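Please read the structure below before turning to the comments.
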Amino acid sequence: MIQNNILNLVGNTPLLKLTMSELKQLNIFAKLEMFNPTGSVKDRAASYILEKLIECGTINKDTVIIESSSGNFGLALSAACRWLGLKFYCVIDKNTMPDNEMLISALSDKVFKITEPDEYGGYLLNRIKKVKELVENIPNSYWINQYENPLNAEAYYHTLASELIESVKKIDYVFMGVSSGGTITGVSNRIKEYFPESRIIAVDIYGSVIFGSQPKKRSIPGIGSSKYPLILNKAKIDDHVMVSELETVNMCQRLLKEYFILAGGSSGSVMSAILKYFTQNLPDREINVVTVFPDRGDRYTSTIYNPDWKLTSEKEIEHVISK
């Protein structure tokens, strides 16, 4: 089908079946969200939320859209806002990947970069402080607020979850990384409607506070959070798995070398969690496991795929990535 704008190509991303040599009972179905127009799952929420807000009259062409983002959502919103003729101000931070920062800056009306870490060593809380300051001082402004906006979860309920249900006849497990919480909230509710016996496993990273772990500095954006996202209160999560950033990096490199997938950090996190969970809970039958690879890895070449990059988020992890 011929389209007249690349942003019309949001969704309907490929679903790839993977197998792991250690866990041959698992049929792993990975949704490759890096094939969305700006390279991540966040395109779904950006386009959906903005279109709904315009439909109901909450925003108009004179509204300044404001959001805090570690990268992917900011890029998705900057593209969608430009397409729709809306002004967009984005608050990013020091951990935003250089390529994402460049693209956000090129497409947004204004970008504010937070360089001072918050009390937990991250930047989220200070990003949100800046957003609140902007909203207070800019007339006719609207904060998307992906951590609490129900439209965020609704976007994934109607799009991503529907595509998974249509593609996989029976879903036994869903593994999803958690950051702002909208994706797992929307997907878990829809999946549970169709497959009530399925188990939803959230994946988080050490240093994130979402599931009560001690806050620590984190180096890989896109997974984890310095605050609990209230949108998660409506998610249907059965269990969670914590992984380290070193496990994440090693699995990203395995995805590249064994499966030829250049994926972002959170993709390595979810695959590490699948391996860790089922090594400890070995299934006695063949099962279908669904997961999501949220973004692509070309924007992580200076970090995750750089053999000289050092992880510094945990004291016990000071390894140089082996070549």
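Naming scheme: A, B, ... for chains in displayed order of the structure tokens; residues 1 onward per chain; ligands 1 onward as shown.
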With DSSP run on the backbone, what are the strand (DSSP E or B) residues within stretch 33-101 of chain A? I'd like them as number ranges by chain.
A: 40, 64-68, 87-93
Find the spatial neighbours of A:Lys130, counting only C-alpha atoms, within a cut-off of 12 Å - ignore same-chain residues fewer than 6 positions away - and output them as a PyMOL selection string.
chain A and resi 66-69+89-93+111-116+123-124+136-137+143
Could the residues in this selection be saved with N, CA, C and O atoms as a compact mmCIF listing (two decimals), in the first residue's frame?
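Saved as part_20.txt:
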# COMPACT_ATOMS: atom_id res chain seq x y z
N ILE A 66 4.14 19.85 25.70
CA ILE A 66 5.35 19.73 26.51
C ILE A 66 5.46 18.31 27.04
O ILE A 66 4.47 17.71 27.45
N GLU A 67 6.65 17.75 27.02
CA GLU A 67 6.86 16.42 27.59
C GLU A 67 8.30 16.24 28.05
O GLU A 67 9.23 16.84 27.50
N SER A 68 8.45 15.41 29.07
CA SER A 68 9.75 14.96 29.56
C SER A 68 10.03 13.61 28.94
O SER A 68 9.17 12.74 28.89
N SER A 69 11.25 13.41 28.44
CA SER A 69 11.58 12.15 27.77
C SER A 69 13.06 11.84 27.88
O SER A 69 13.90 12.75 27.82
N TYR A 89 7.72 21.39 22.91
CA TYR A 89 8.88 21.64 23.75
C TYR A 89 9.24 20.33 24.46
O TYR A 89 8.37 19.72 25.09
N CYS A 90 10.48 19.92 24.36
CA CYS A 90 10.90 18.65 24.95
C CYS A 90 11.97 18.86 26.01
O CYS A 90 12.93 19.61 25.81
N VAL A 91 11.79 18.17 27.14
CA VAL A 91 12.77 18.21 28.23
C VAL A 91 13.48 16.86 28.25
O VAL A 91 12.88 15.83 28.53
N ILE A 92 14.77 16.90 27.92
CA ILE A 92 15.58 15.67 27.88
C ILE A 92 16.62 15.74 28.99
O ILE A 92 16.59 16.64 29.84
N ASP A 93 17.57 14.81 29.01
CA ASP A 93 18.61 14.86 30.03
C ASP A 93 19.95 14.36 29.49
O ASP A 93 20.08 14.01 28.32
N VAL A 111 14.19 22.66 23.02
CA VAL A 111 14.66 21.52 23.79
C VAL A 111 15.37 22.04 25.04
O VAL A 111 16.20 22.96 24.96
N PHE A 112 15.06 21.45 26.18
CA PHE A 112 15.68 21.81 27.45
C PHE A 112 16.40 20.56 27.97
O PHE A 112 15.79 19.51 28.13
N LYS A 113 17.68 20.68 28.23
CA LYS A 113 18.49 19.53 28.64
C LYS A 113 18.87 19.64 30.11
O LYS A 113 19.51 20.60 30.53
N ILE A 114 18.47 18.64 30.88
CA ILE A 114 18.77 18.60 32.30
C ILE A 114 20.10 17.88 32.51
O ILE A 114 20.28 16.74 32.07
N THR A 115 21.02 18.53 33.18
CA THR A 115 22.35 17.95 33.41
C THR A 115 22.64 17.70 34.89
O THR A 115 23.62 17.05 35.23
N GLU A 116 21.77 18.21 35.75
CA GLU A 116 21.95 18.03 37.19
C GLU A 116 21.16 16.82 37.66
O GLU A 116 19.93 16.77 37.52
N TYR A 123 17.77 11.55 36.39
CA TYR A 123 17.41 12.89 35.93
C TYR A 123 15.91 13.11 35.83
O TYR A 123 15.45 14.24 35.60
N LEU A 124 15.13 12.05 35.99
CA LEU A 124 13.69 12.14 35.77
C LEU A 124 13.02 13.19 36.64
O LEU A 124 12.23 14.00 36.17
N GLU A 136 3.54 26.04 33.93
CA GLU A 136 3.06 27.15 34.77
C GLU A 136 3.25 28.50 34.08
O GLU A 136 2.46 29.42 34.27
N ASN A 137 4.29 28.60 33.27
CA ASN A 137 4.64 29.90 32.69
C ASN A 137 4.24 30.08 31.23
O ASN A 137 4.37 31.18 30.69
N TRP A 143 0.83 19.37 29.05
CA TRP A 143 1.84 18.36 29.40
C TRP A 143 1.26 16.98 29.10
O TRP A 143 0.26 16.57 29.68
Counting only C-alpha atoms, the option among A:Ala79, A:Ala45, A:Val290, A:Leu256 closest to A:Lys169
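The answer is A:Val290, which sits nearest to A:Lys169.
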Within 8 Å of A:Ser70, counting only C-alpha atoms, which residues show up once you throw out same-chain ones fewer than 4 positions away? Write them as an MDAnalysis selection string, please.
chainID A and resid 74 92:93 95:96 221:222
For the residues selected in the previous step, produce a file with N, CA and C atoms as a PDB file, in the first residue's frame.
ATOM      1  N   GLY A  74      10.223  11.495  23.204  1.00  0.00           N
ATOM      2  CA  GLY A  74      10.467  12.852  22.750  1.00  0.00           C
ATOM      3  C   GLY A  74      10.618  12.927  21.247  1.00  0.00           C
ATOM      4  N   ILE A  92      14.771  16.896  27.920  1.00  0.00           N
ATOM      5  CA  ILE A  92      15.584  15.672  27.880  1.00  0.00           C
ATOM      6  C   ILE A  92      16.623  15.742  28.994  1.00  0.00           C
ATOM      7  N   ASP A  93      17.569  14.813  29.010  1.00  0.00           N
ATOM      8  CA  ASP A  93      18.610  14.858  30.034  1.00  0.00           C
ATOM      9  C   ASP A  93      19.946  14.359  29.491  1.00  0.00           C
ATOM     10  N   ASN A  95      21.529  11.680  29.823  1.00  0.00           N
ATOM     11  CA  ASN A  95      21.619  10.290  29.363  1.00  0.00           C
ATOM     12  C   ASN A  95      20.949  10.052  28.014  1.00  0.00           C
ATOM     13  N   THR A  96      20.293  11.056  27.464  1.00  0.00           N
ATOM     14  CA  THR A  96      19.664  10.890  26.159  1.00  0.00           C
ATOM     15  C   THR A  96      20.730  10.567  25.113  1.00  0.00           C
ATOM     16  N   PRO A 221      19.197   4.322  29.078  1.00  0.00           N
ATOM     17  CA  PRO A 221      17.847   4.888  29.080  1.00  0.00           C
ATOM     18  C   PRO A 221      16.825   3.914  28.509  1.00  0.00           C
ATOM     19  N   GLY A 222      15.546   4.205  28.772  1.00  0.00           N
ATOM     20  CA  GLY A 222      14.475   3.427  28.145  1.00  0.00           C
ATOM     21  C   GLY A 222      13.879   2.341  29.003  1.00  0.00           C
TER      22      GLY A 222
END
Could you name the residues that touch A:Tyr173 at 6 Å or less, counting only C-alpha atoms, but leaving out those on the same chain fewer than 6 positions away, as number ranges by chain?
A: 198-200, 289
Write out the residues from the selection above, keeping N, CA and C atoms, as a compact mmCIF listing (two decimals), in the first residue's frame.
# COMPACT_ATOMS: atom_id res chain seq x y z
N SER A 198 -2.91 -16.26 30.98
CA SER A 198 -1.56 -15.81 30.65
C SER A 198 -0.94 -15.09 31.85
N ARG A 199 0.38 -15.10 31.90
CA ARG A 199 1.09 -14.42 32.99
C ARG A 199 1.88 -13.24 32.42
N ILE A 200 1.68 -12.09 33.03
CA ILE A 200 2.35 -10.87 32.60
C ILE A 200 3.54 -10.64 33.52
N VAL A 289 5.86 -17.47 24.47
CA VAL A 289 6.27 -16.29 25.23
C VAL A 289 6.33 -15.10 24.28
As a PyMOL selection string, list the residues of stretch 96-232 of chain A assigned to alpha helix (DSSP H) by DSSP on the backbone atoms of this structure.
chain A and resi 98-107+124-137+150-158+160-167+182-194
Using only C-alpha atoms, what table do you get, as CSV, when you list each residue of stretch 131-190 of chain A with an atom no more than 8 Å from stretch 263-277 of chain A, its nearest pair of atoms, and their distance in Å rounded to one decimal, rows by chain then rising number?
residue,atom,partner,partner_atom,distance
A:Phe175,CA,A:Val270,CA,6.3
A:Met176,CA,A:Val270,CA,6.3
A:Gly177,CA,A:Val270,CA,6.1
Serialized selection, all heavy atoms, as a PDB file, in the first residue's frame:
ATOM      1  N   PHE A 175       6.467 -10.828  28.487  1.00  0.00           N
ATOM      2  CA  PHE A 175       7.560 -10.148  29.186  1.00  0.00           C
ATOM      3  C   PHE A 175       7.713  -8.758  28.588  1.00  0.00           C
ATOM      4  O   PHE A 175       7.933  -8.618  27.390  1.00  0.00           O
ATOM      5  CB  PHE A 175       8.875 -10.923  29.026  1.00  0.00           C
ATOM      6  CG  PHE A 175       9.013 -12.095  29.954  1.00  0.00           C
ATOM      7  CD1 PHE A 175       8.244 -13.234  29.782  1.00  0.00           C
ATOM      8  CD2 PHE A 175       9.922 -12.057  31.010  1.00  0.00           C
ATOM      9  CE1 PHE A 175       8.367 -14.313  30.628  1.00  0.00           C
ATOM     10  CE2 PHE A 175      10.052 -13.138  31.872  1.00  0.00           C
ATOM     11  CZ  PHE A 175       9.274 -14.274  31.690  1.00  0.00           C
ATOM     12  N   MET A 176       7.617  -7.731  29.454  1.00  0.00           N
ATOM     13  CA  MET A 176       7.717  -6.362  28.959  1.00  0.00           C
ATOM     14  C   MET A 176       8.524  -5.503  29.913  1.00  0.00           C
ATOM     15  O   MET A 176       8.321  -5.559  31.132  1.00  0.00           O
ATOM     16  CB  MET A 176       6.335  -5.742  28.769  1.00  0.00           C
ATOM     17  CG  MET A 176       5.480  -6.454  27.752  1.00  0.00           C
ATOM     18  SD  MET A 176       4.044  -5.485  27.263  1.00  0.00           S
ATOM     19  CE  MET A 176       4.837  -4.221  26.290  1.00  0.00           C
ATOM     20  N   GLY A 177       9.430  -4.708  29.362  1.00  0.00           N
ATOM     21  CA  GLY A 177      10.159  -3.749  30.163  1.00  0.00           C
ATOM     22  C   GLY A 177       9.241  -2.644  30.651  1.00  0.00           C
ATOM     23  O   GLY A 177       8.235  -2.329  30.020  1.00  0.00           O
TER      24      GLY A 177
END
Could you list, as a PyMOL selection string, every residue within 12 Å of A:Val10, counting only C-alpha atoms and ignoring same-chain residues fewer than 6 positions away?
chain A and resi 3+33-48+76+79-80+155-156+159-160
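Of the listed residues A:Asp118, A:Glu55, A:Asp204, A:Glu286, the one whose atoms come nearest to A:Val243 is A:Asp204, with distances taken using only C-alpha atoms.
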Computed interatomic separation between atom CA of A:Thr58 and atom CA of A:Leu86 (Å):
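Computing it gives 12.9 Å between the two atoms.
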Sort by chain and increasing residue number a table of all residues of stretch 219-321 of chain A within 9 Å of stretch 16-31 of chain A, each with its closest pair of atoms and their distance in Å to one decimal, counting only C-alpha atoms, and write it as CSV.
residue,atom,partner,partner_atom,distance
A:Tyr259,CA,A:Leu18,CA,8.1
A:Leu275,CA,A:Leu23,CA,7.7
A:Phe278,CA,A:Leu23,CA,7.5
A:Thr279,CA,A:Leu23,CA,7.6
A:Leu282,CA,A:Leu23,CA,8.1
A:Pro283,CA,A:Gln25,CA,7.0
A:Asp284,CA,A:Gln25,CA,7.9
A:Arg285,CA,A:Gln25,CA,6.3
A:Glu286,CA,A:Gln25,CA,4.5
A:Ile287,CA,A:Leu26,CA,5.3
A:Asn288,CA,A:Asn27,CA,4.8
A:Val289,CA,A:Ile28,CA,4.8
A:Val290,CA,A:Phe29,CA,4.8
A:Thr291,CA,A:Ala30,CA,4.9
A:Val292,CA,A:Lys31,CA,4.7
A:Phe293,CA,A:Lys31,CA,5.9
A:Pro294,CA,A:Lys31,CA,8.0
If you keep all heavy atoms, can you produce a file of those selected residues as a compact mmCIF listing (two decimals), in the first residue's frame?
# COMPACT_ATOMS: atom_id res chain seq x y z
N TYR A 259 21.27 -13.57 16.34
CA TYR A 259 19.99 -13.37 15.65
C TYR A 259 20.03 -12.24 14.63
O TYR A 259 19.05 -11.99 13.95
CB TYR A 259 18.89 -13.09 16.67
CG TYR A 259 18.74 -14.15 17.74
CD1 TYR A 259 19.33 -13.99 19.00
CD2 TYR A 259 18.03 -15.32 17.51
CE1 TYR A 259 19.21 -14.96 19.98
CE2 TYR A 259 17.88 -16.29 18.49
CZ TYR A 259 18.49 -16.11 19.72
OH TYR A 259 18.36 -17.07 20.69
N LEU A 275 15.41 -15.43 29.97
CA LEU A 275 16.40 -16.47 30.26
C LEU A 275 16.50 -16.72 31.75
O LEU A 275 16.49 -17.88 32.21
CB LEU A 275 17.76 -16.06 29.69
CG LEU A 275 18.92 -17.04 29.91
CD1 LEU A 275 18.61 -18.40 29.30
CD2 LEU A 275 20.21 -16.46 29.34
N PHE A 278 13.01 -18.39 33.22
CA PHE A 278 12.71 -19.78 32.87
C PHE A 278 13.85 -20.74 33.20
O PHE A 278 13.62 -21.94 33.29
CB PHE A 278 12.32 -19.87 31.40
CG PHE A 278 10.95 -19.31 31.12
CD1 PHE A 278 10.81 -18.11 30.44
CD2 PHE A 278 9.82 -19.96 31.58
CE1 PHE A 278 9.56 -17.58 30.20
CE2 PHE A 278 8.56 -19.44 31.35
CZ PHE A 278 8.42 -18.24 30.66
N THR A 279 15.04 -20.23 33.44
CA THR A 279 16.10 -21.08 33.98
C THR A 279 15.75 -21.50 35.40
O THR A 279 16.02 -22.63 35.83
CB THR A 279 17.45 -20.32 33.96
OG1 THR A 279 17.80 -20.01 32.61
CG2 THR A 279 18.56 -21.18 34.56
N LEU A 282 11.75 -23.83 35.02
CA LEU A 282 11.80 -24.58 33.77
C LEU A 282 10.43 -25.15 33.42
O LEU A 282 9.85 -25.91 34.20
CB LEU A 282 12.82 -25.71 33.88
CG LEU A 282 13.24 -26.38 32.57
CD1 LEU A 282 13.98 -25.39 31.68
CD2 LEU A 282 14.11 -27.59 32.85
N PRO A 283 9.87 -24.80 32.27
CA PRO A 283 8.55 -25.32 31.90
C PRO A 283 8.61 -26.80 31.53
O PRO A 283 9.62 -27.28 31.00
CB PRO A 283 8.16 -24.45 30.69
CG PRO A 283 9.45 -24.00 30.12
CD PRO A 283 10.40 -23.87 31.27
N ASP A 284 7.53 -27.52 31.79
CA ASP A 284 7.49 -28.95 31.48
C ASP A 284 6.77 -29.22 30.16
O ASP A 284 6.44 -30.35 29.83
CB ASP A 284 6.80 -29.73 32.61
CG ASP A 284 5.39 -29.22 32.89
OD1 ASP A 284 4.92 -28.31 32.16
OD2 ASP A 284 4.76 -29.73 33.84
N ARG A 285 6.52 -28.16 29.41
CA ARG A 285 5.83 -28.28 28.13
C ARG A 285 6.25 -27.13 27.23
O ARG A 285 6.92 -26.19 27.67
CB ARG A 285 4.31 -28.25 28.33
CG ARG A 285 3.83 -26.96 28.99
CD ARG A 285 2.34 -26.97 29.29
NE ARG A 285 1.93 -25.79 30.02
CZ ARG A 285 1.60 -24.63 29.46
NH1 ARG A 285 1.61 -24.51 28.12
NH2 ARG A 285 1.24 -23.59 30.19
N GLU A 286 5.86 -27.19 25.99
CA GLU A 286 6.14 -26.09 25.06
C GLU A 286 5.20 -24.93 25.35
O GLU A 286 4.00 -25.13 25.50
CB GLU A 286 5.94 -26.58 23.62
CG GLU A 286 6.40 -25.61 22.57
CD GLU A 286 6.32 -26.19 21.17
OE1 GLU A 286 7.21 -26.99 20.79
OE2 GLU A 286 5.34 -25.86 20.46
N ILE A 287 5.76 -23.74 25.45
CA ILE A 287 4.94 -22.56 25.75
C ILE A 287 5.26 -21.42 24.80
O ILE A 287 6.35 -21.37 24.22
CB ILE A 287 5.13 -22.09 27.21
CG1 ILE A 287 6.60 -21.72 27.47
CG2 ILE A 287 4.64 -23.13 28.20
CD1 ILE A 287 6.82 -21.08 28.82
N ASN A 288 4.31 -20.51 24.68
CA ASN A 288 4.48 -19.33 23.84
C ASN A 288 4.74 -18.11 24.72
O ASN A 288 3.94 -17.77 25.60
CB ASN A 288 3.23 -19.08 23.00
CG ASN A 288 3.04 -20.15 21.94
OD1 ASN A 288 3.97 -20.82 21.53
ND2 ASN A 288 1.80 -20.30 21.48
N VAL A 289 5.86 -17.47 24.47
CA VAL A 289 6.27 -16.29 25.23
C VAL A 289 6.33 -15.10 24.28
O VAL A 289 7.03 -15.14 23.27
CB VAL A 289 7.64 -16.50 25.90
CG1 VAL A 289 8.06 -15.25 26.66
CG2 VAL A 289 7.62 -17.71 26.81
N VAL A 290 5.60 -14.06 24.61
CA VAL A 290 5.58 -12.85 23.78
C VAL A 290 6.39 -11.76 24.48
O VAL A 290 6.30 -11.59 25.69
CB VAL A 290 4.13 -12.37 23.56
CG1 VAL A 290 4.11 -10.96 23.01
CG2 VAL A 290 3.40 -13.33 22.62
N THR A 291 7.18 -11.05 23.70
CA THR A 291 7.91 -9.91 24.24
C THR A 291 7.95 -8.80 23.21
O THR A 291 7.53 -8.98 22.06
CB THR A 291 9.32 -10.30 24.70
OG1 THR A 291 9.89 -9.23 25.47
CG2 THR A 291 10.23 -10.62 23.52
N VAL A 292 8.45 -7.65 23.62
CA VAL A 292 8.52 -6.48 22.75
C VAL A 292 9.94 -5.94 22.75
O VAL A 292 10.53 -5.74 23.82
CB VAL A 292 7.54 -5.38 23.22
CG1 VAL A 292 7.74 -4.10 22.41
CG2 VAL A 292 6.10 -5.86 23.11
N PHE A 293 10.51 -5.76 21.58
CA PHE A 293 11.79 -5.06 21.43
C PHE A 293 11.46 -3.60 21.10
O PHE A 293 11.11 -3.28 19.97
CB PHE A 293 12.62 -5.69 20.31
CG PHE A 293 13.18 -7.06 20.63
CD1 PHE A 293 13.92 -7.75 19.69
CD2 PHE A 293 12.97 -7.66 21.87
CE1 PHE A 293 14.44 -9.00 19.98
CE2 PHE A 293 13.48 -8.91 22.16
CZ PHE A 293 14.23 -9.59 21.22
N PRO A 294 11.52 -2.71 22.09
CA PRO A 294 10.96 -1.36 21.93
C PRO A 294 11.65 -0.45 20.92
O PRO A 294 11.00 0.42 20.33
CB PRO A 294 11.08 -0.77 23.34
CG PRO A 294 11.13 -1.95 24.24
CD PRO A 294 11.91 -2.97 23.48
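A straight line drawn from atom CA of A:Glu51 to atom CA of A:Leu84 is 8.8 Å long.
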